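A quick write-up on the structure given underneath.
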Amino acid sequence: MRAHEAGALHAEGYRGPTWLQLPHDVNALTPSLWAQNVGRSGDGVLQVAGVPVTDLAAKFGTPAYVVDEADFRWRAKEFAKTYDEIFGDLCGGADVYYAGKAFLCTEVARWIRDDGLNLDVCSGGELLTALRAGFPAERIAFHGNNKSTAELELALDAGVGRYVVDSFEEIARLAFAARERATVADVLVRVTVGVEAHTHEFIATAHEDQKFGFSLAGGDALEAVRRIVGLPSLRLLGLHSHIGSQIFDTAGFEVSAHRLVGLAAAVRDELGVAVTELDLGGGMGIAYTEGDDPISPKEMADLLRDIVTRECTAYGLALPRLAVEPGRAVVGQSMITVYEVGTVKKVDLGSGHARHYVSVDGGMSDNIRPALYHADYSARIACRVSDAEPILVRVAGKHCESGDIVVHAEYLPGDVAAGDLLAIPATGAYGWAMASNYNWIARPPVVAVRDGRARIIVRGETVDDLLARDAGVTPGRAAGSEGAAVQ
Ligand SMILES: *Cc1c(COP(=O)(O)O)cnc(C)c1O
């Protein structure tokens, strides 16, 4: 989190948070923030895989999530290839699970399936989406701190490959349901390793005051393994930890790997059982603004290899098969959100300084992260380039909350005006996935673009969708709607 915006105005004028630099060219697209096939055409219009955003907006409306399909698939394949290459000679490769909660629909599940990644799900809904897409159940890992009996039964009946168990109740429930089906469920134990990572910093503690996992320090994790080993309908495969999100280096992974491998050694010593899989979770960071400088997936994999090898050597353990679970690092950069500007308001900050509030036709219902985590994003005018002097802006949404911010601080050309299209890069992770109907605003479509062709992979909602569950409305007869899009 980077909430350190200077409260006081500087003598030379308010310049926004310290990381925000006045751009040399306010039309330029910093490559690390944008999907690979996003660029400006000769006339200055932003295009995605050859399709101008002006065409996309005309055809699909705004707001719209636009995913650069080739970029997504390149990142997915790169992850699979990188981990294969770096861990191939060591432990027969490593498994990359795409964290479906970042963004999942049937089309994405098929991309993931075909591009060689496995899949993490954390609810019956995500599981059913993957199954409906024809995703092989044995390549799915089922997460969650409160999986219901119905969800576990659904997963067992589908043949899900791994259960990351998170409570003593779940161990009992899963063992019972598996026994009823005369099957054996493969499990990993989610361990609370006492590491909390966030961007540049991590905190290592003995205890973790949180809902996920079995406490390592409190002895619950070892007790969970004991119970699993004693249950014939469960098979212990490994240990799992997930330390946080938007992580920029490997210091936190180092501590978590150390603690997990220590537990694996304790399991061997006490129970004579080998831990054959080690899942270090996700959280690999991406760049949302020019202030972010994450390490590449390849550098991360190299460092993880060093860390895990060193820890296993220290404990005299054979190297378990490694797994990681990136969500954001696969999908984040592949998607942009296109909005239309509706109003521009100049707000006096005193002492001759001003901030311009640029309000767009979406907001916290299509991207809750700025409001929820004070997450930072960037923005560019997408429909044109401009020679106007940059001004400091805050991009706001249209919701009835003053915290409804899309971009806290950015420079845009001073002539930004109603009717302009804005593009926000890196909205692929936890944008659509966390979208809501707050203020009864319809959720936007997701449009996939590849090789000059755009198609809807999730359609936007209509007034009929909004009223479909309202018991006071006659089905299919939403007054005045005629199936129209709302915006
Ligand atoms: C959220 C989550 C992930 C993915 O996190 P990213 O920050 O998107 O990489 C992976 N594993 C688990 C268990 C998670 O809860």
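Just so we're on the same page: first chain in the structure tokens is A, next is B, and so on; residues restart at 1 for each chain, and ligands are numbered from 1 in the order they show up.
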
* Expected selection as a PyMOL selection string for ligand 1 within 6 Å, only C-alpha atoms and all ligand atoms -> chain A and resi 99+102+242+245-246+281-284+325-329

Contacts between range 181-196 of chain A and range 258-371 of chain A, please, where a residue of range 258-371 of chain A counts if it comes within 12 Å (with only C-alpha atoms); show its shortest atom pair and distance in Å to one decimal, rows by chain and ascending number, as CSV.
```
residue,atom,partner,partner_atom,distance
A:His258,CA,A:Val193,CA,9.3
A:Arg259,CA,A:Val193,CA,6.4
A:Leu260,CA,A:Val193,CA,7.3
A:Val261,CA,A:Val193,CA,10.8
A:Gly262,CA,A:Val193,CA,10.7
A:Leu263,CA,A:Val191,CA,9.4
A:Ala264,CA,A:Val189,CA,11.0
A:Val267,CA,A:Val189,CA,11.9
A:Val275,CA,A:Leu188,CA,9.3
A:Thr276,CA,A:Leu188,CA,9.8
A:Glu277,CA,A:Leu188,CA,7.9
A:Leu278,CA,A:Leu188,CA,8.5
A:Asp279,CA,A:Leu188,CA,8.3
A:Leu280,CA,A:Arg190,CA,10.0
A:Gly281,CA,A:Arg190,CA,9.8
A:Gly283,CA,A:Glu196,CA,10.9
A:Ala323,CA,A:Leu188,CA,11.3
```

Suppose we keep C-alpha atoms; can you now write the selection as an mmCIF file, in the first residue's frame?
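Dumped to out03.cif:
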```
data_model
loop_
_atom_site.group_PDB
_atom_site.id
_atom_site.type_symbol
_atom_site.label_atom_id
_atom_site.label_comp_id
_atom_site.auth_asym_id
_atom_site.auth_seq_id
_atom_site.Cartn_x
_atom_site.Cartn_y
_atom_site.Cartn_z
ATOM 1 C CA HIS A 258 12.084 -21.723 5.649
ATOM 2 C CA ARG A 259 9.131 -22.315 7.953
ATOM 3 C CA LEU A 260 7.321 -24.716 5.597
ATOM 4 C CA VAL A 261 10.441 -26.818 5.043
ATOM 5 C CA GLY A 262 10.997 -26.853 8.813
ATOM 6 C CA LEU A 263 7.486 -28.237 9.206
ATOM 7 C CA ALA A 264 8.115 -30.823 6.478
ATOM 8 C CA VAL A 267 6.498 -34.299 9.730
ATOM 9 C CA VAL A 275 5.958 -34.107 2.122
ATOM 10 C CA THR A 276 6.094 -34.336 -1.666
ATOM 11 C CA GLU A 277 4.650 -30.947 -2.644
ATOM 12 C CA LEU A 278 5.395 -27.433 -1.502
ATOM 13 C CA ASP A 279 3.034 -24.704 -2.653
ATOM 14 C CA LEU A 280 4.293 -21.189 -1.987
ATOM 15 C CA GLY A 281 1.095 -19.462 -3.107
ATOM 16 C CA GLY A 283 1.040 -12.676 -4.786
ATOM 17 C CA ALA A 323 3.927 -25.015 -6.928
#
```

* If you count only C-alpha atoms, which residues fall within 8 Å of Ala109 in chain A, apart from same-chain ones fewer than 5 positions away, as a list in words? -> Leu104, Thr129, Ala130, Ala133 and Phe135 of chain A

Atoms to include: N, CA, C and O atoms. Write the selected residues as a JSON list (two decimals), in the first residue's frame.
```
[["chain", "number", "residue", "atom", "x", "y", "z"],
["A", 104, "LEU", "N", -12.04, -14.97, -13.76],
["A", 104, "LEU", "CA", -12.38, -16.28, -14.34],
["A", 104, "LEU", "C", -13.71, -16.23, -15.06],
["A", 104, "LEU", "O", -14.69, -15.72, -14.55],
["A", 129, "THR", "N", -17.67, -23.00, -13.02],
["A", 129, "THR", "CA", -17.26, -22.27, -14.23],
["A", 129, "THR", "C", -16.16, -23.05, -14.95],
["A", 129, "THR", "O", -16.21, -23.23, -16.17],
["A", 130, "ALA", "N", -15.17, -23.51, -14.17],
["A", 130, "ALA", "CA", -14.06, -24.25, -14.77],
["A", 130, "ALA", "C", -14.56, -25.56, -15.39],
["A", 130, "ALA", "O", -14.18, -25.91, -16.52],
["A", 133, "ALA", "N", -16.32, -25.13, -18.58],
["A", 133, "ALA", "CA", -15.39, -24.83, -19.67],
["A", 133, "ALA", "C", -14.65, -26.08, -20.15],
["A", 133, "ALA", "O", -13.86, -26.01, -21.09],
["A", 135, "PHE", "N", -12.53, -27.69, -18.17],
["A", 135, "PHE", "CA", -11.21, -27.71, -17.54],
["A", 135, "PHE", "C", -11.02, -29.04, -16.83],
["A", 135, "PHE", "O", -11.90, -29.48, -16.09]]
```

* Nearest to Gly238 in chain A by atom-to-atom distance, counting only C-alpha atoms, from A:Ala217, A:Ala318, A:Ile203, A:Ala274 -> A:Ala274

Can you list every residue of range 61-175 of chain A that has an atom at most 12 Å from range 415-431 of chain A, with its nearest atom pair and the distance in Å to one decimal, using only C-alpha atoms, ordered by chain then number, as CSV?
```
residue,atom,partner,partner_atom,distance
A:Gly61,CA,A:Leu421,CA,10.9
A:Thr62,CA,A:Leu421,CA,8.7
A:Pro63,CA,A:Leu421,CA,9.5
A:Ala64,CA,A:Ala423,CA,9.7
A:Tyr65,CA,A:Thr427,CA,7.9
A:Val66,CA,A:Gly428,CA,8.7
A:Val67,CA,A:Gly428,CA,7.5
A:Asp68,CA,A:Gly428,CA,9.9
A:Glu69,CA,A:Gly428,CA,11.4
A:Asp71,CA,A:Gly428,CA,11.5
A:Phe72,CA,A:Gly428,CA,9.5
A:Tyr98,CA,A:Ala429,CA,11.5
A:Ala99,CA,A:Ala429,CA,9.8
A:Gly100,CA,A:Ala429,CA,9.6
A:Lys101,CA,A:Tyr430,CA,7.4
A:Ala102,CA,A:Ala429,CA,4.6
A:Phe103,CA,A:Ala429,CA,5.9
A:Leu104,CA,A:Ala429,CA,9.7
A:Val108,CA,A:Gly428,CA,11.6
```

Please save C-alpha atoms of the selected residues as an mmCIF file, in the first residue's frame.
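See selection.cif below for the written result:
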```
data_model
loop_
_atom_site.group_PDB
_atom_site.id
_atom_site.type_symbol
_atom_site.label_atom_id
_atom_site.label_comp_id
_atom_site.auth_asym_id
_atom_site.auth_seq_id
_atom_site.Cartn_x
_atom_site.Cartn_y
_atom_site.Cartn_z
ATOM 1 C CA GLY A 61 -20.236 0.935 -24.976
ATOM 2 C CA THR A 62 -18.368 2.231 -21.980
ATOM 3 C CA PRO A 63 -17.201 1.292 -19.483
ATOM 4 C CA ALA A 64 -15.744 -1.851 -21.003
ATOM 5 C CA TYR A 65 -13.025 -4.216 -19.864
ATOM 6 C CA VAL A 66 -10.832 -4.995 -22.855
ATOM 7 C CA VAL A 67 -8.479 -7.955 -22.682
ATOM 8 C CA ASP A 68 -5.526 -8.375 -25.036
ATOM 9 C CA GLU A 69 -5.942 -12.093 -25.582
ATOM 10 C CA ASP A 71 -0.889 -10.892 -24.140
ATOM 11 C CA PHE A 72 -2.770 -12.965 -21.571
ATOM 12 C CA TYR A 98 -3.621 -19.655 -12.058
ATOM 13 C CA ALA A 99 -5.587 -18.082 -9.193
ATOM 14 C CA GLY A 100 -9.029 -17.975 -10.784
ATOM 15 C CA LYS A 101 -10.321 -15.460 -8.292
ATOM 16 C CA ALA A 102 -8.340 -12.746 -10.114
ATOM 17 C CA PHE A 103 -10.548 -13.172 -13.210
ATOM 18 C CA LEU A 104 -12.380 -16.277 -14.343
ATOM 19 C CA VAL A 108 -10.308 -17.745 -19.649
#
```

* Compile the contact shell of Gly460 in chain A as a PyMOL selection string: residues with an atom at most 7 Å away, counting only C-alpha atoms, same-chain residues fewer than 6 positions apart removed. => chain A and resi 443-445

Please save N, CA, C and O atoms of the selected residues as an mmCIF file, in the first residue's frame.
```
data_model
loop_
_atom_site.group_PDB
_atom_site.id
_atom_site.type_symbol
_atom_site.label_atom_id
_atom_site.label_comp_id
_atom_site.auth_asym_id
_atom_site.auth_seq_id
_atom_site.Cartn_x
_atom_site.Cartn_y
_atom_site.Cartn_z
ATOM 1 N N ARG A 443 -23.014 -4.082 -14.581
ATOM 2 C CA ARG A 443 -21.599 -4.421 -14.746
ATOM 3 C C ARG A 443 -21.231 -4.454 -16.232
ATOM 4 O O ARG A 443 -21.993 -4.942 -17.065
ATOM 5 N N PRO A 444 -20.035 -3.906 -16.566
ATOM 6 C CA PRO A 444 -19.622 -3.786 -17.973
ATOM 7 C C PRO A 444 -19.280 -5.140 -18.600
ATOM 8 O O PRO A 444 -19.035 -6.118 -17.889
ATOM 9 N N PRO A 445 -19.224 -5.174 -19.928
ATOM 10 C CA PRO A 445 -18.810 -6.400 -20.617
ATOM 11 C C PRO A 445 -17.298 -6.591 -20.551
ATOM 12 O O PRO A 445 -16.558 -5.648 -20.265
#
```

* **Length of the CA of Arg173 in chain A to CA of Pro136 in chain A vector [Å]** => 23.7 Å

* Please identify which residues in range 127-239 of chain A DSSP calls helix (DSSP H, G or I) from the backbone, and express them as number ranges by chain. => A: 127-132, 137-139, 149-158, 168-180, 220-229

Using the selection just defined, write its residues with N, CA and C atoms as a short mmCIF file (atom, residue, chain, number, x, y, z; two decimals), in the first residue's frame.
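For reference, part.cif as written:
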```cif
data_model
loop_
_atom_site.label_atom_id
_atom_site.label_comp_id
_atom_site.auth_asym_id
_atom_site.auth_seq_id
_atom_site.Cartn_x
_atom_site.Cartn_y
_atom_site.Cartn_z
N LEU A 127 -15.53 -23.26 -9.32
CA LEU A 127 -15.33 -24.65 -9.74
C LEU A 127 -16.27 -25.00 -10.89
N LEU A 128 -17.54 -24.61 -10.76
CA LEU A 128 -18.51 -24.94 -11.81
C LEU A 128 -18.18 -24.23 -13.12
N THR A 129 -17.67 -23.00 -13.02
CA THR A 129 -17.26 -22.27 -14.23
C THR A 129 -16.16 -23.05 -14.95
N ALA A 130 -15.17 -23.51 -14.17
CA ALA A 130 -14.06 -24.25 -14.77
C ALA A 130 -14.56 -25.56 -15.39
N LEU A 131 -15.41 -26.26 -14.68
CA LEU A 131 -15.92 -27.54 -15.18
C LEU A 131 -16.75 -27.32 -16.44
N ARG A 132 -17.55 -26.24 -16.43
CA ARG A 132 -18.38 -25.94 -17.60
C ARG A 132 -17.51 -25.65 -18.82
N ALA A 137 -10.58 -31.64 -14.22
CA ALA A 137 -10.74 -31.50 -12.77
C ALA A 137 -9.45 -31.85 -12.02
N GLU A 138 -8.68 -32.78 -12.57
CA GLU A 138 -7.47 -33.19 -11.84
C GLU A 138 -6.42 -32.10 -11.82
N ARG A 139 -6.57 -31.07 -12.67
CA ARG A 139 -5.63 -29.95 -12.65
C ARG A 139 -6.14 -28.77 -11.81
N THR A 149 -19.98 -28.51 2.82
CA THR A 149 -20.07 -29.94 2.48
C THR A 149 -20.51 -30.09 1.02
N ALA A 150 -21.49 -29.26 0.61
CA ALA A 150 -21.98 -29.36 -0.77
C ALA A 150 -20.85 -29.05 -1.76
N GLU A 151 -20.02 -28.07 -1.46
CA GLU A 151 -18.91 -27.74 -2.36
C GLU A 151 -17.89 -28.88 -2.40
N LEU A 152 -17.60 -29.45 -1.25
CA LEU A 152 -16.64 -30.56 -1.21
C LEU A 152 -17.18 -31.76 -1.98
N GLU A 153 -18.47 -32.01 -1.83
CA GLU A 153 -19.07 -33.14 -2.55
C GLU A 153 -19.06 -32.91 -4.06
N LEU A 154 -19.36 -31.69 -4.45
CA LEU A 154 -19.30 -31.34 -5.87
C LEU A 154 -17.89 -31.60 -6.42
N ALA A 155 -16.90 -31.18 -5.65
CA ALA A 155 -15.50 -31.33 -6.08
C ALA A 155 -15.11 -32.81 -6.14
N LEU A 156 -15.53 -33.56 -5.14
CA LEU A 156 -15.19 -35.00 -5.13
C LEU A 156 -15.85 -35.70 -6.31
N ASP A 157 -17.10 -35.36 -6.57
CA ASP A 157 -17.81 -36.00 -7.69
C ASP A 157 -17.18 -35.64 -9.03
N ALA A 158 -16.61 -34.44 -9.10
CA ALA A 158 -15.98 -34.01 -10.35
C ALA A 158 -14.56 -34.57 -10.49
N PHE A 168 -9.87 -27.88 10.91
CA PHE A 168 -10.10 -29.25 11.38
C PHE A 168 -11.47 -29.75 10.94
N GLU A 169 -12.46 -28.84 10.93
CA GLU A 169 -13.79 -29.24 10.45
C GLU A 169 -13.71 -29.75 9.01
N GLU A 170 -12.96 -29.01 8.18
CA GLU A 170 -12.88 -29.41 6.77
C GLU A 170 -12.22 -30.78 6.62
N ILE A 171 -11.20 -31.03 7.42
CA ILE A 171 -10.53 -32.34 7.34
C ILE A 171 -11.56 -33.44 7.62
N ALA A 172 -12.37 -33.24 8.66
CA ALA A 172 -13.37 -34.26 9.00
C ALA A 172 -14.42 -34.38 7.91
N ARG A 173 -14.91 -33.22 7.41
CA ARG A 173 -15.94 -33.21 6.36
C ARG A 173 -15.45 -33.88 5.09
N LEU A 174 -14.25 -33.51 4.69
CA LEU A 174 -13.70 -34.04 3.43
C LEU A 174 -13.44 -35.54 3.57
N ALA A 175 -12.89 -35.95 4.71
CA ALA A 175 -12.60 -37.37 4.92
C ALA A 175 -13.89 -38.18 4.87
N PHE A 176 -14.92 -37.66 5.49
CA PHE A 176 -16.20 -38.37 5.52
C PHE A 176 -16.79 -38.48 4.11
N ALA A 177 -16.84 -37.35 3.41
CA ALA A 177 -17.44 -37.34 2.06
C ALA A 177 -16.63 -38.21 1.10
N ALA A 178 -15.31 -38.23 1.26
CA ALA A 178 -14.48 -39.07 0.38
C ALA A 178 -14.72 -40.54 0.69
N ARG A 179 -14.82 -40.85 2.00
CA ARG A 179 -15.04 -42.25 2.38
C ARG A 179 -16.38 -42.73 1.84
N GLU A 180 -17.40 -41.88 1.96
CA GLU A 180 -18.73 -42.24 1.42
C GLU A 180 -18.66 -42.59 -0.05
N ASP A 220 -0.95 -26.17 15.40
CA ASP A 220 -2.13 -26.70 14.69
C ASP A 220 -1.75 -27.34 13.35
N ALA A 221 -0.76 -26.79 12.68
CA ALA A 221 -0.39 -27.30 11.37
C ALA A 221 0.10 -28.75 11.48
N LEU A 222 0.93 -29.00 12.48
CA LEU A 222 1.43 -30.37 12.66
C LEU A 222 0.29 -31.31 13.08
N GLU A 223 -0.61 -30.78 13.90
CA GLU A 223 -1.77 -31.58 14.32
C GLU A 223 -2.65 -31.92 13.10
N ALA A 224 -2.81 -30.96 12.20
CA ALA A 224 -3.61 -31.20 10.99
C ALA A 224 -2.98 -32.34 10.18
N VAL A 225 -1.66 -32.32 10.06
CA VAL A 225 -0.98 -33.39 9.31
C VAL A 225 -1.19 -34.73 10.01
N ARG A 226 -1.08 -34.75 11.33
CA ARG A 226 -1.31 -36.00 12.08
C ARG A 226 -2.68 -36.58 11.76
N ARG A 227 -3.69 -35.71 11.80
CA ARG A 227 -5.06 -36.20 11.55
C ARG A 227 -5.20 -36.74 10.13
N ILE A 228 -4.64 -36.01 9.17
CA ILE A 228 -4.76 -36.43 7.76
C ILE A 228 -4.09 -37.79 7.57
N VAL A 229 -2.91 -37.92 8.15
CA VAL A 229 -2.17 -39.17 7.98
C VAL A 229 -2.94 -40.35 8.61
#
```

* **12 Å contact set for Gly88 in chain A, only C-alpha atoms, chain neighbours under 4 positions out, as a ChimeraX atom specification** => /A:80-84,92-95,301,305,319,321-322

* To do: Please report, as a ChimeraX atom specification, each residue of range 102-260 of chain A to which DSSP assigns strand (DSSP E) when run on this structure's backbone.
  => /A:118-121,140-142,162-165,185-192,195-199,201-204,214-215,234-240,244-247

* **Minimum-distance residue to Lys298 in chain A, chosen among A:Ile86, A:Ile243, A:Gly42, A:Gly161 (using only C-alpha atoms)** =>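 Using only C-alpha atoms, Lys298 in chain A sits closest to A:Ile86.
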